[in-house]
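Structure file target06.pdb with PDB, N, CA and C atoms, pLDDT in the B column:
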ATOM      1  N   MET A1356       0.834  -1.185   0.000  1.00 72.00           N
ATOM      2  CA  MET A1356       0.000   0.000   0.000  1.00 72.00           C
ATOM      3  C   MET A1356       0.876   1.245   0.000  1.00 72.00           C
ATOM      4  N   ASN A1357       0.349   2.292  -0.607  1.00 78.00           N
ATOM      5  CA  ASN A1357       1.058   3.557  -0.596  1.00 78.00           C
ATOM      6  C   ASN A1357       0.651   4.385   0.627  1.00 78.00           C
ATOM      7  N   ASN A1358       1.024   5.633   0.656  1.00 79.00           N
ATOM      8  CA  ASN A1358       0.785   6.469   1.832  1.00 79.00           C
ATOM      9  C   ASN A1358      -0.518   7.259   1.776  1.00 79.00           C
ATOM     10  N   ARG A1359      -1.368   7.017   0.807  1.00 84.00           N
ATOM     11  CA  ARG A1359      -2.605   7.790   0.690  1.00 84.00           C
ATOM     12  C   ARG A1359      -3.466   7.650   1.942  1.00 84.00           C
ATOM     13  N   TYR A1360      -3.520   6.466   2.526  1.00 80.00           N
ATOM     14  CA  TYR A1360      -4.331   6.276   3.726  1.00 80.00           C
ATOM     15  C   TYR A1360      -3.767   7.063   4.900  1.00 80.00           C
ATOM     16  N   GLN A1361      -2.457   7.293   4.920  1.00 79.00           N
ATOM     17  CA  GLN A1361      -1.864   8.127   5.965  1.00 79.00           C
ATOM     18  C   GLN A1361      -2.334   9.573   5.823  1.00 79.00           C
ATOM     19  N   ASP A1362      -2.401  10.046   4.583  1.00 83.00           N
ATOM     20  CA  ASP A1362      -2.900  11.397   4.341  1.00 83.00           C
ATOM     21  C   ASP A1362      -4.338  11.538   4.846  1.00 83.00           C
ATOM     22  N   LEU A1363      -5.158  10.528   4.589  1.00 85.00           N
ATOM     23  CA  LEU A1363      -6.548  10.559   5.043  1.00 85.00           C
ATOM     24  C   LEU A1363      -6.635  10.514   6.567  1.00 85.00           C
ATOM     25  N   ALA A1364      -5.769   9.731   7.194  1.00 82.00           N
ATOM     26  CA  ALA A1364      -5.754   9.655   8.657  1.00 82.00           C
ATOM     27  C   ALA A1364      -5.371  11.004   9.259  1.00 82.00           C
ATOM     28  N   ARG A1365      -4.379  11.672   8.651  1.00 81.00           N
ATOM     29  CA  ARG A1365      -4.002  12.996   9.138  1.00 81.00           C
ATOM     30  C   ARG A1365      -5.149  13.980   8.978  1.00 81.00           C
ATOM     31  N   GLU A1366      -5.807  13.915   7.818  1.00 86.00           N
ATOM     32  CA  GLU A1366      -6.937  14.806   7.550  1.00 86.00           C
ATOM     33  C   GLU A1366      -8.062  14.596   8.568  1.00 86.00           C
ATOM     34  N   ALA A1367      -8.224  13.357   9.013  1.00 85.00           N
ATOM     35  CA  ALA A1367      -9.248  13.042  10.012  1.00 85.00           C
ATOM     36  C   ALA A1367      -8.780  13.353  11.434  1.00 85.00           C
ATOM     37  N   GLY A1368      -7.534  13.786  11.576  1.00 81.00           N
ATOM     38  CA  GLY A1368      -6.998  14.119  12.882  1.00 81.00           C
ATOM     39  C   GLY A1368      -6.561  12.914  13.691  1.00 81.00           C
ATOM     40  N   LEU A1369      -6.280  11.794  13.033  1.00 79.00           N
ATOM     41  CA  LEU A1369      -5.914  10.573  13.737  1.00 79.00           C
ATOM     42  C   LEU A1369      -4.432  10.450  14.023  1.00 79.00           C
ATOM     43  N   LEU A1370      -3.614  11.194  13.312  1.00 63.00           N
ATOM     44  CA  LEU A1370      -2.170  11.136  13.545  1.00 63.00           C
ATOM     45  C   LEU A1370      -1.735  12.436  14.205  1.00 63.00           C
ATOM     46  N   VAL A1371      -1.548  12.390  15.488  1.00 58.00           N
ATOM     47  CA  VAL A1371      -1.230  13.597  16.234  1.00 58.00           C
ATOM     48  C   VAL A1371       0.245  13.645  16.607  1.00 58.00           C
ATOM     49  N   HIS A1372       0.792  12.566  17.172  1.00 62.00           N
ATOM     50  CA  HIS A1372       2.131  12.594  17.735  1.00 62.00           C
ATOM     51  C   HIS A1372       3.240  12.468  16.702  1.00 62.00           C
ATOM     52  N   ASN A1373       3.240  11.448  15.912  1.00 61.00           N
ATOM     53  CA  ASN A1373       4.326  11.221  14.972  1.00 61.00           C
ATOM     54  C   ASN A1373       3.747  11.041  13.569  1.00 61.00           C
ATOM     55  N   PRO A1374       3.591  12.132  12.835  1.00 54.00           N
ATOM     56  CA  PRO A1374       2.973  12.027  11.512  1.00 54.00           C
ATOM     57  C   PRO A1374       3.807  11.263  10.492  1.00 54.00           C
ATOM     58  N   GLU A1375       5.072  11.007  10.803  1.00 61.00           N
ATOM     59  CA  GLU A1375       5.926  10.267   9.879  1.00 61.00           C
ATOM     60  C   GLU A1375       5.704   8.764   9.947  1.00 61.00           C
ATOM     61  N   ARG A1376       5.045   8.300  11.012  1.00 64.00           N
ATOM     62  CA  ARG A1376       4.881   6.857  11.172  1.00 64.00           C
ATOM     63  C   ARG A1376       3.444   6.517  11.536  1.00 64.00           C
ATOM     64  N   MET A1377       2.841   5.718  10.715  1.00 61.00           N
ATOM     65  CA  MET A1377       1.466   5.288  10.946  1.00 61.00           C
ATOM     66  C   MET A1377       1.471   4.181  11.989  1.00 61.00           C
ATOM     67  N   PRO A1378       0.696   4.318  13.060  1.00 71.00           N
ATOM     68  CA  PRO A1378       0.614   3.222  14.033  1.00 71.00           C
ATOM     69  C   PRO A1378       0.152   1.931  13.354  1.00 71.00           C
ATOM     70  N   THR A1379       0.725   0.829  13.775  1.00 78.00           N
ATOM     71  CA  THR A1379       0.488  -0.461  13.135  1.00 78.00           C
ATOM     72  C   THR A1379      -0.987  -0.833  13.081  1.00 78.00           C
ATOM     73  N   LYS A1380      -1.709  -0.637  14.166  1.00 80.00           N
ATOM     74  CA  LYS A1380      -3.124  -1.014  14.190  1.00 80.00           C
ATOM     75  C   LYS A1380      -3.949  -0.155  13.242  1.00 80.00           C
ATOM     76  N   LEU A1381      -3.623   1.116  13.130  1.00 82.00           N
ATOM     77  CA  LEU A1381      -4.341   1.991  12.215  1.00 82.00           C
ATOM     78  C   LEU A1381      -4.048   1.611  10.769  1.00 82.00           C
ATOM     79  N   GLN A1382      -2.805   1.251  10.492  1.00 81.00           N
ATOM     80  CA  GLN A1382      -2.452   0.802   9.144  1.00 81.00           C
ATOM     81  C   GLN A1382      -3.223  -0.471   8.796  1.00 81.00           C
ATOM     82  N   LYS A1383      -3.273  -1.413   9.717  1.00 85.00           N
ATOM     83  CA  LYS A1383      -4.000  -2.658   9.477  1.00 85.00           C
ATOM     84  C   LYS A1383      -5.477  -2.373   9.256  1.00 85.00           C
ATOM     85  N   PHE A1384      -6.044  -1.456  10.048  1.00 86.00           N
ATOM     86  CA  PHE A1384      -7.440  -1.073   9.869  1.00 86.00           C
ATOM     87  C   PHE A1384      -7.676  -0.518   8.462  1.00 86.00           C
ATOM     88  N   ALA A1385      -6.775   0.348   8.002  1.00 86.00           N
ATOM     89  CA  ALA A1385      -6.902   0.923   6.664  1.00 86.00           C
ATOM     90  C   ALA A1385      -6.849  -0.172   5.597  1.00 86.00           C
ATOM     91  N   GLU A1386      -5.915  -1.098   5.752  1.00 87.00           N
ATOM     92  CA  GLU A1386      -5.792  -2.195   4.787  1.00 87.00           C
ATOM     93  C   GLU A1386      -7.069  -3.039   4.756  1.00 87.00           C
ATOM     94  N   LEU A1387      -7.597  -3.360   5.934  1.00 91.00           N
ATOM     95  CA  LEU A1387      -8.813  -4.176   6.010  1.00 91.00           C
ATOM     96  C   LEU A1387     -10.008  -3.446   5.412  1.00 91.00           C
ATOM     97  N   LEU A1388     -10.115  -2.156   5.680  1.00 91.00           N
ATOM     98  CA  LEU A1388     -11.223  -1.371   5.151  1.00 91.00           C
ATOM     99  C   LEU A1388     -11.178  -1.305   3.626  1.00 91.00           C
ATOM    100  N   ILE A1389     -10.004  -1.057   3.087  1.00 91.00           N
ATOM    101  CA  ILE A1389      -9.851  -0.991   1.633  1.00 91.00           C
ATOM    102  C   ILE A1389     -10.140  -2.350   1.008  1.00 91.00           C
ATOM    103  N   GLN A1390      -9.637  -3.427   1.604  1.00 92.00           N
ATOM    104  CA  GLN A1390      -9.888  -4.766   1.075  1.00 92.00           C
ATOM    105  C   GLN A1390     -11.371  -5.115   1.143  1.00 92.00           C
ATOM    106  N   GLU A1391     -12.045  -4.695   2.203  1.00 92.00           N
ATOM    107  CA  GLU A1391     -13.488  -4.941   2.329  1.00 92.00           C
ATOM    108  C   GLU A1391     -14.254  -4.251   1.199  1.00 92.00           C
ATOM    109  N   CYS A1392     -13.853  -3.039   0.866  1.00 92.00           N
ATOM    110  CA  CYS A1392     -14.492  -2.317  -0.241  1.00 92.00           C
ATOM    111  C   CYS A1392     -14.246  -3.028  -1.571  1.00 92.00           C
ATOM    112  N   ILE A1393     -13.028  -3.467  -1.784  1.00 92.00           N
ATOM    113  CA  ILE A1393     -12.695  -4.190  -3.012  1.00 92.00           C
ATOM    114  C   ILE A1393     -13.501  -5.482  -3.105  1.00 92.00           C
ATOM    115  N   THR A1394     -13.597  -6.209  -2.007  1.00 91.00           N
ATOM    116  CA  THR A1394     -14.359  -7.462  -1.988  1.00 91.00           C
ATOM    117  C   THR A1394     -15.837  -7.203  -2.283  1.00 91.00           C
ATOM    118  N   LYS A1395     -16.382  -6.132  -1.732  1.00 90.00           N
ATOM    119  CA  LYS A1395     -17.787  -5.786  -1.979  1.00 90.00           C
ATOM    120  C   LYS A1395     -18.017  -5.532  -3.463  1.00 90.00           C
ATOM    121  N   ILE A1396     -17.102  -4.834  -4.092  1.00 89.00           N
ATOM    122  CA  ILE A1396     -17.213  -4.578  -5.523  1.00 89.00           C
ATOM    123  C   ILE A1396     -17.116  -5.884  -6.304  1.00 89.00           C
ATOM    124  N   GLU A1397     -16.164  -6.741  -5.931  1.00 87.00           N
ATOM    125  CA  GLU A1397     -15.946  -7.992  -6.663  1.00 87.00           C
ATOM    126  C   GLU A1397     -17.112  -8.966  -6.527  1.00 87.00           C
ATOM    127  N   THR A1398     -17.841  -8.907  -5.434  1.00 87.00           N
ATOM    128  CA  THR A1398     -18.910  -9.878  -5.199  1.00 87.00           C
ATOM    129  C   THR A1398     -20.310  -9.313  -5.438  1.00 87.00           C
ATOM    130  N   HIS A1399     -20.398  -8.076  -5.907  1.00 82.00           N
ATOM    131  CA  HIS A1399     -21.706  -7.468  -6.168  1.00 82.00           C
ATOM    132  C   HIS A1399     -22.432  -8.237  -7.271  1.00 82.00           C
ATOM    133  N   ARG A1400     -23.661  -8.525  -7.043  1.00 76.00           N
ATOM    134  CA  ARG A1400     -24.471  -9.255  -8.028  1.00 76.00           C
ATOM    135  C   ARG A1400     -25.565  -8.355  -8.573  1.00 76.00           C
ATOM    136  N   ILE A1401     -25.757  -8.434  -9.861  1.00 74.00           N
ATOM    137  CA  ILE A1401     -26.739  -7.607 -10.539  1.00 74.00           C
ATOM    138  C   ILE A1401     -27.855  -8.520 -11.049  1.00 74.00           C
ATOM    139  N   PRO A1402     -29.112  -8.200 -10.710  1.00 72.00           N
ATOM    140  CA  PRO A1402     -30.204  -9.016 -11.257  1.00 72.00           C
ATOM    141  C   PRO A1402     -30.286  -8.827 -12.774  1.00 72.00           C
ATOM    142  N   VAL A1403     -30.381  -9.917 -13.483  1.00 68.00           N
ATOM    143  CA  VAL A1403     -30.415  -9.875 -14.947  1.00 68.00           C
ATOM    144  C   VAL A1403     -31.765 -10.382 -15.429  1.00 68.00           C
ATOM    145  N   GLY A1404     -32.340  -9.625 -16.316  1.00 68.00           N
ATOM    146  CA  GLY A1404     -33.584 -10.064 -16.933  1.00 68.00           C
ATOM    147  C   GLY A1404     -33.312 -11.075 -18.028  1.00 68.00           C
ATOM    148  N   ASN A1405     -34.338 -11.449 -18.734  1.00 74.00           N
ATOM    149  CA  ASN A1405     -34.194 -12.445 -19.805  1.00 74.00           C
ATOM    150  C   ASN A1405     -34.097 -11.803 -21.179  1.00 74.00           C
ATOM    151  N   SER A1406     -33.539 -10.625 -21.250  1.00 76.00           N
ATOM    152  CA  SER A1406     -33.427  -9.960 -22.544  1.00 76.00           C
ATOM    153  C   SER A1406     -31.965  -9.737 -22.896  1.00 76.00           C
ATOM    154  N   ALA A1407     -31.720  -9.586 -24.165  1.00 78.00           N
ATOM    155  CA  ALA A1407     -30.359  -9.315 -24.627  1.00 78.00           C
ATOM    156  C   ALA A1407     -29.896  -7.957 -24.103  1.00 78.00           C
ATOM    157  N   ALA A1408     -30.801  -6.988 -24.061  1.00 77.00           N
ATOM    158  CA  ALA A1408     -30.454  -5.658 -23.559  1.00 77.00           C
ATOM    159  C   ALA A1408     -30.077  -5.730 -22.080  1.00 77.00           C
ATOM    160  N   GLY A1409     -30.818  -6.535 -21.308  1.00 76.00           N
ATOM    161  CA  GLY A1409     -30.514  -6.696 -19.890  1.00 76.00           C
ATOM    162  C   GLY A1409     -29.155  -7.328 -19.686  1.00 76.00           C
ATOM    163  N   GLU A1410     -28.845  -8.338 -20.474  1.00 77.00           N
ATOM    164  CA  GLU A1410     -27.540  -8.987 -20.363  1.00 77.00           C
ATOM    165  C   GLU A1410     -26.407  -8.047 -20.767  1.00 77.00           C
ATOM    166  N   MET A1411     -26.649  -7.223 -21.801  1.00 79.00           N
ATOM    167  CA  MET A1411     -25.633  -6.273 -22.231  1.00 79.00           C
ATOM    168  C   MET A1411     -25.401  -5.218 -21.139  1.00 79.00           C
ATOM    169  N   ALA A1412     -26.477  -4.734 -20.542  1.00 79.00           N
ATOM    170  CA  ALA A1412     -26.344  -3.756 -19.460  1.00 79.00           C
ATOM    171  C   ALA A1412     -25.585  -4.365 -18.290  1.00 79.00           C
ATOM    172  N   CYS A1413     -25.844  -5.633 -18.013  1.00 80.00           N
ATOM    173  CA  CYS A1413     -25.153  -6.328 -16.934  1.00 80.00           C
ATOM    174  C   CYS A1413     -23.653  -6.417 -17.235  1.00 80.00           C
ATOM    175  N   GLU A1414     -23.288  -6.759 -18.445  1.00 82.00           N
ATOM    176  CA  GLU A1414     -21.878  -6.841 -18.835  1.00 82.00           C
ATOM    177  C   GLU A1414     -21.200  -5.487 -18.692  1.00 82.00           C
ATOM    178  N   TRP A1415     -21.879  -4.422 -19.121  1.00 85.00           N
ATOM    179  CA  TRP A1415     -21.314  -3.074 -19.005  1.00 85.00           C
ATOM    180  C   TRP A1415     -21.120  -2.701 -17.533  1.00 85.00           C
ATOM    181  N   THR A1416     -22.109  -3.070 -16.717  1.00 85.00           N
ATOM    182  CA  THR A1416     -22.009  -2.746 -15.292  1.00 85.00           C
ATOM    183  C   THR A1416     -20.855  -3.496 -14.647  1.00 85.00           C
ATOM    184  N   TYR A1417     -20.702  -4.775 -14.960  1.00 86.00           N
ATOM    185  CA  TYR A1417     -19.578  -5.536 -14.419  1.00 86.00           C
ATOM    186  C   TYR A1417     -18.245  -4.960 -14.876  1.00 86.00           C
ATOM    187  N   ALA A1418     -18.182  -4.539 -16.127  1.00 89.00           N
ATOM    188  CA  ALA A1418     -16.951  -3.933 -16.629  1.00 89.00           C
ATOM    189  C   ALA A1418     -16.646  -2.647 -15.862  1.00 89.00           C
ATOM    190  N   ALA A1419     -17.681  -1.852 -15.591  1.00 90.00           N
ATOM    191  CA  ALA A1419     -17.488  -0.613 -14.828  1.00 90.00           C
ATOM    192  C   ALA A1419     -17.043  -0.919 -13.403  1.00 90.00           C
ATOM    193  N   LEU A1420     -17.631  -1.935 -12.779  1.00 90.00           N
ATOM    194  CA  LEU A1420     -17.243  -2.314 -11.416  1.00 90.00           C
ATOM    195  C   LEU A1420     -15.784  -2.769 -11.364  1.00 90.00           C
ATOM    196  N   LYS A1421     -15.356  -3.525 -12.357  1.00 91.00           N
ATOM    197  CA  LYS A1421     -13.955  -3.962 -12.408  1.00 91.00           C
ATOM    198  C   LYS A1421     -13.022  -2.767 -12.553  1.00 91.00           C
ATOM    199  N   GLU A1422     -13.427  -1.796 -13.362  1.00 93.00           N
ATOM    200  CA  GLU A1422     -12.611  -0.599 -13.544  1.00 93.00           C
ATOM    201  C   GLU A1422     -12.529   0.204 -12.246  1.00 93.00           C
ATOM    202  N   ILE A1423     -13.644   0.328 -11.541  1.00 93.00           N
ATOM    203  CA  ILE A1423     -13.654   1.023 -10.248  1.00 93.00           C
ATOM    204  C   ILE A1423     -12.760   0.293  -9.253  1.00 93.00           C
ATOM    205  N   ARG A1424     -12.883  -1.039  -9.195  1.00 92.00           N
ATOM    206  CA  ARG A1424     -12.038  -1.846  -8.306  1.00 92.00           C
ATOM    207  C   ARG A1424     -10.559  -1.610  -8.602  1.00 92.00           C
ATOM    208  N   ASP A1425     -10.201  -1.647  -9.871  1.00 93.00           N
ATOM    209  CA  ASP A1425      -8.808  -1.458 -10.261  1.00 93.00           C
ATOM    210  C   ASP A1425      -8.322  -0.046  -9.942  1.00 93.00           C
ATOM    211  N   ASP A1426      -9.199   0.958 -10.111  1.00 93.00           N
ATOM    212  CA  ASP A1426      -8.842   2.331  -9.764  1.00 93.00           C
ATOM    213  C   ASP A1426      -8.574   2.464  -8.263  1.00 93.00           C
ATOM    214  N   ILE A1427      -9.397   1.827  -7.432  1.00 93.00           N
ATOM    215  CA  ILE A1427      -9.196   1.868  -5.982  1.00 93.00           C
ATOM    216  C   ILE A1427      -7.870   1.202  -5.618  1.00 93.00           C
ATOM    217  N   LYS A1428      -7.599   0.050  -6.217  1.00 91.00           N
ATOM    218  CA  LYS A1428      -6.334  -0.659  -5.935  1.00 91.00           C
ATOM    219  C   LYS A1428      -5.147   0.222  -6.314  1.00 91.00           C
ATOM    220  N   GLU A1429      -5.218   0.857  -7.478  1.00 92.00           N
ATOM    221  CA  GLU A1429      -4.120   1.703  -7.922  1.00 92.00           C
ATOM    222  C   GLU A1429      -3.982   2.931  -7.017  1.00 92.00           C
ATOM    223  N   HIS A1430      -5.106   3.530  -6.648  1.00 90.00           N
ATOM    224  CA  HIS A1430      -5.097   4.732  -5.818  1.00 90.00           C
ATOM    225  C   HIS A1430      -4.419   4.498  -4.475  1.00 90.00           C
ATOM    226  N   PHE A1431      -4.676   3.327  -3.884  1.00 88.00           N
ATOM    227  CA  PHE A1431      -4.108   3.016  -2.579  1.00 88.00           C
ATOM    228  C   PHE A1431      -2.871   2.130  -2.659  1.00 88.00           C
ATOM    229  N   GLY A1432      -2.466   1.737  -3.860  1.00 87.00           N
ATOM    230  CA  GLY A1432      -1.270   0.924  -4.024  1.00 87.00           C
ATOM    231  C   GLY A1432      -1.445  -0.493  -3.507  1.00 87.00           C
ATOM    232  N   VAL A1433      -2.644  -1.051  -3.708  1.00 84.00           N
ATOM    233  CA  VAL A1433      -2.946  -2.410  -3.240  1.00 84.00           C
ATOM    234  C   VAL A1433      -2.467  -3.404  -4.290  1.00 84.00           C
ATOM    235  N   GLU A1434      -1.715  -4.398  -3.835  1.00 80.00           N
ATOM    236  CA  GLU A1434      -1.261  -5.460  -4.732  1.00 80.00           C
ATOM    237  C   GLU A1434      -2.425  -6.391  -5.021  1.00 80.00           C
ATOM    238  N   SER A1435      -2.467  -6.943  -6.195  1.00 67.00           N
ATOM    239  CA  SER A1435      -3.562  -7.851  -6.570  1.00 67.00           C
ATOM    240  C   SER A1435      -3.520  -9.110  -5.849  1.00 67.00           C
TER     241      SER A1435
END
In C-alpha cells, what does this structure look like?
Amino acid sequence: MNNRYQDLAREAGLLVHNPERMPTKLQKFAELLIQECITKIETHRIPVGNSAAGEMACEWTYAALKEIRDDIKEHFGVES
C-alpha cells in the first residue's frame, strides 16, 4: 500500500504525535477497510432479466465495477 491512507488519517486528525509513522493497528485497519471495499465490488451481483439488452447492461455494469475496483487498488497501491 502507498501512503494515501496516511494522508486521510491525518486529515481526520488521527495522527497527532508522529505524523511520519502510521501506528500499526491503524495501518492494518486501513488495509482491512480498503480490502473490504474491493471485496464488496468484486462480489456485487446484478439481477439480470431475460433480454439481450438486460444482459448487455449487466456486462457493461460488471466492466465498470472492475474498472472502479482497479482504480481503488491503484489509488491506494494495493497489490492484486
Check your understanding: Using only C-alpha atoms, which residues sit within 8 Å of stretch 1414-1427 of chain A once same-chain residues fewer than 3 positions away are excluded, as a ChimeraX atom specification?
Key -> /A:1393,1396-1397,1410-1411,1430-1431
For those residues, write N, CA and C atoms to a file as a compact mmCIF listing (two decimals), in the coordinates of the input.
# COMPACT_ATOMS: atom_id res chain seq x y z
N ILE A 1393 -13.03 -3.47 -1.78
CA ILE A 1393 -12.70 -4.19 -3.01
C ILE A 1393 -13.50 -5.48 -3.10
N ILE A 1396 -17.10 -4.83 -4.09
CA ILE A 1396 -17.21 -4.58 -5.52
C ILE A 1396 -17.12 -5.88 -6.30
N GLU A 1397 -16.16 -6.74 -5.93
CA GLU A 1397 -15.95 -7.99 -6.66
C GLU A 1397 -17.11 -8.97 -6.53
N GLU A 1410 -28.84 -8.34 -20.47
CA GLU A 1410 -27.54 -8.99 -20.36
C GLU A 1410 -26.41 -8.05 -20.77
N MET A 1411 -26.65 -7.22 -21.80
CA MET A 1411 -25.63 -6.27 -22.23
C MET A 1411 -25.40 -5.22 -21.14
N HIS A 1430 -5.11 3.53 -6.65
CA HIS A 1430 -5.10 4.73 -5.82
C HIS A 1430 -4.42 4.50 -4.47
N PHE A 1431 -4.68 3.33 -3.88
CA PHE A 1431 -4.11 3.02 -2.58
C PHE A 1431 -2.87 2.13 -2.66
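Between atom N of A:Gln1390 and atom N of A:Ala1367 the separation is 18.4 Å.
The interatomic distance for the pair atom N of A:Lys1428 and atom CA of A:Gly1409 works out to 27.5 Å.
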Practice item. Write out as a ChimeraX atom specification all residues of chain A that backbone DSSP assigns to alpha helix (DSSP H). Key: /A:1359-1366,1379-1398,1407-1431
Selection above as a file: N, CA and C atoms, as a compact mmCIF listing (two decimals), in the frame of the given file:
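What ended up in part23.txt:
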# COMPACT_ATOMS: atom_id res chain seq x y z
N ARG A 1359 -1.37 7.02 0.81
CA ARG A 1359 -2.60 7.79 0.69
C ARG A 1359 -3.47 7.65 1.94
N TYR A 1360 -3.52 6.47 2.53
CA TYR A 1360 -4.33 6.28 3.73
C TYR A 1360 -3.77 7.06 4.90
N GLN A 1361 -2.46 7.29 4.92
CA GLN A 1361 -1.86 8.13 5.96
C GLN A 1361 -2.33 9.57 5.82
N ASP A 1362 -2.40 10.05 4.58
CA ASP A 1362 -2.90 11.40 4.34
C ASP A 1362 -4.34 11.54 4.85
N LEU A 1363 -5.16 10.53 4.59
CA LEU A 1363 -6.55 10.56 5.04
C LEU A 1363 -6.64 10.51 6.57
N ALA A 1364 -5.77 9.73 7.19
CA ALA A 1364 -5.75 9.65 8.66
C ALA A 1364 -5.37 11.00 9.26
N ARG A 1365 -4.38 11.67 8.65
CA ARG A 1365 -4.00 13.00 9.14
C ARG A 1365 -5.15 13.98 8.98
N GLU A 1366 -5.81 13.92 7.82
CA GLU A 1366 -6.94 14.81 7.55
C GLU A 1366 -8.06 14.60 8.57
N THR A 1379 0.72 0.83 13.78
CA THR A 1379 0.49 -0.46 13.14
C THR A 1379 -0.99 -0.83 13.08
N LYS A 1380 -1.71 -0.64 14.17
CA LYS A 1380 -3.12 -1.01 14.19
C LYS A 1380 -3.95 -0.16 13.24
N LEU A 1381 -3.62 1.12 13.13
CA LEU A 1381 -4.34 1.99 12.22
C LEU A 1381 -4.05 1.61 10.77
N GLN A 1382 -2.80 1.25 10.49
CA GLN A 1382 -2.45 0.80 9.14
C GLN A 1382 -3.22 -0.47 8.80
N LYS A 1383 -3.27 -1.41 9.72
CA LYS A 1383 -4.00 -2.66 9.48
C LYS A 1383 -5.48 -2.37 9.26
N PHE A 1384 -6.04 -1.46 10.05
CA PHE A 1384 -7.44 -1.07 9.87
C PHE A 1384 -7.68 -0.52 8.46
N ALA A 1385 -6.78 0.35 8.00
CA ALA A 1385 -6.90 0.92 6.66
C ALA A 1385 -6.85 -0.17 5.60
N GLU A 1386 -5.92 -1.10 5.75
CA GLU A 1386 -5.79 -2.19 4.79
C GLU A 1386 -7.07 -3.04 4.76
N LEU A 1387 -7.60 -3.36 5.93
CA LEU A 1387 -8.81 -4.18 6.01
C LEU A 1387 -10.01 -3.45 5.41
N LEU A 1388 -10.12 -2.16 5.68
CA LEU A 1388 -11.22 -1.37 5.15
C LEU A 1388 -11.18 -1.30 3.63
N ILE A 1389 -10.00 -1.06 3.09
CA ILE A 1389 -9.85 -0.99 1.63
C ILE A 1389 -10.14 -2.35 1.01
N GLN A 1390 -9.64 -3.43 1.60
CA GLN A 1390 -9.89 -4.77 1.08
C GLN A 1390 -11.37 -5.12 1.14
N GLU A 1391 -12.04 -4.70 2.20
CA GLU A 1391 -13.49 -4.94 2.33
C GLU A 1391 -14.25 -4.25 1.20
N CYS A 1392 -13.85 -3.04 0.87
CA CYS A 1392 -14.49 -2.32 -0.24
C CYS A 1392 -14.25 -3.03 -1.57
N ILE A 1393 -13.03 -3.47 -1.78
CA ILE A 1393 -12.70 -4.19 -3.01
C ILE A 1393 -13.50 -5.48 -3.10
N THR A 1394 -13.60 -6.21 -2.01
CA THR A 1394 -14.36 -7.46 -1.99
C THR A 1394 -15.84 -7.20 -2.28
N LYS A 1395 -16.38 -6.13 -1.73
CA LYS A 1395 -17.79 -5.79 -1.98
C LYS A 1395 -18.02 -5.53 -3.46
N ILE A 1396 -17.10 -4.83 -4.09
CA ILE A 1396 -17.21 -4.58 -5.52
C ILE A 1396 -17.12 -5.88 -6.30
N GLU A 1397 -16.16 -6.74 -5.93
CA GLU A 1397 -15.95 -7.99 -6.66
C GLU A 1397 -17.11 -8.97 -6.53
N THR A 1398 -17.84 -8.91 -5.43
CA THR A 1398 -18.91 -9.88 -5.20
C THR A 1398 -20.31 -9.31 -5.44
N ALA A 1407 -31.72 -9.59 -24.16
CA ALA A 1407 -30.36 -9.32 -24.63
C ALA A 1407 -29.90 -7.96 -24.10
N ALA A 1408 -30.80 -6.99 -24.06
CA ALA A 1408 -30.45 -5.66 -23.56
C ALA A 1408 -30.08 -5.73 -22.08
N GLY A 1409 -30.82 -6.54 -21.31
CA GLY A 1409 -30.51 -6.70 -19.89
C GLY A 1409 -29.16 -7.33 -19.69
N GLU A 1410 -28.84 -8.34 -20.47
CA GLU A 1410 -27.54 -8.99 -20.36
C GLU A 1410 -26.41 -8.05 -20.77
N MET A 1411 -26.65 -7.22 -21.80
CA MET A 1411 -25.63 -6.27 -22.23
C MET A 1411 -25.40 -5.22 -21.14
N ALA A 1412 -26.48 -4.73 -20.54
CA ALA A 1412 -26.34 -3.76 -19.46
C ALA A 1412 -25.58 -4.36 -18.29
N CYS A 1413 -25.84 -5.63 -18.01
CA CYS A 1413 -25.15 -6.33 -16.93
C CYS A 1413 -23.65 -6.42 -17.24
N GLU A 1414 -23.29 -6.76 -18.44
CA GLU A 1414 -21.88 -6.84 -18.84
C GLU A 1414 -21.20 -5.49 -18.69
N TRP A 1415 -21.88 -4.42 -19.12
CA TRP A 1415 -21.31 -3.07 -19.00
C TRP A 1415 -21.12 -2.70 -17.53
N THR A 1416 -22.11 -3.07 -16.72
CA THR A 1416 -22.01 -2.75 -15.29
C THR A 1416 -20.86 -3.50 -14.65
N TYR A 1417 -20.70 -4.78 -14.96
CA TYR A 1417 -19.58 -5.54 -14.42
C TYR A 1417 -18.24 -4.96 -14.88
N ALA A 1418 -18.18 -4.54 -16.13
CA ALA A 1418 -16.95 -3.93 -16.63
C ALA A 1418 -16.65 -2.65 -15.86
N ALA A 1419 -17.68 -1.85 -15.59
CA ALA A 1419 -17.49 -0.61 -14.83
C ALA A 1419 -17.04 -0.92 -13.40
N LEU A 1420 -17.63 -1.94 -12.78
CA LEU A 1420 -17.24 -2.31 -11.42
C LEU A 1420 -15.78 -2.77 -11.36
N LYS A 1421 -15.36 -3.52 -12.36
CA LYS A 1421 -13.96 -3.96 -12.41
C LYS A 1421 -13.02 -2.77 -12.55
N GLU A 1422 -13.43 -1.80 -13.36
CA GLU A 1422 -12.61 -0.60 -13.54
C GLU A 1422 -12.53 0.20 -12.25
N ILE A 1423 -13.64 0.33 -11.54
CA ILE A 1423 -13.65 1.02 -10.25
C ILE A 1423 -12.76 0.29 -9.25
N ARG A 1424 -12.88 -1.04 -9.20
CA ARG A 1424 -12.04 -1.85 -8.31
C ARG A 1424 -10.56 -1.61 -8.60
N ASP A 1425 -10.20 -1.65 -9.87
CA ASP A 1425 -8.81 -1.46 -10.26
C ASP A 1425 -8.32 -0.05 -9.94
N ASP A 1426 -9.20 0.96 -10.11
CA ASP A 1426 -8.84 2.33 -9.76
C ASP A 1426 -8.57 2.46 -8.26
N ILE A 1427 -9.40 1.83 -7.43
CA ILE A 1427 -9.20 1.87 -5.98
C ILE A 1427 -7.87 1.20 -5.62
N LYS A 1428 -7.60 0.05 -6.22
CA LYS A 1428 -6.33 -0.66 -5.94
C LYS A 1428 -5.15 0.22 -6.31
N GLU A 1429 -5.22 0.86 -7.48
CA GLU A 1429 -4.12 1.70 -7.92
C GLU A 1429 -3.98 2.93 -7.02
N HIS A 1430 -5.11 3.53 -6.65
CA HIS A 1430 -5.10 4.73 -5.82
C HIS A 1430 -4.42 4.50 -4.47
N PHE A 1431 -4.68 3.33 -3.88
CA PHE A 1431 -4.11 3.02 -2.58
C PHE A 1431 -2.87 2.13 -2.66
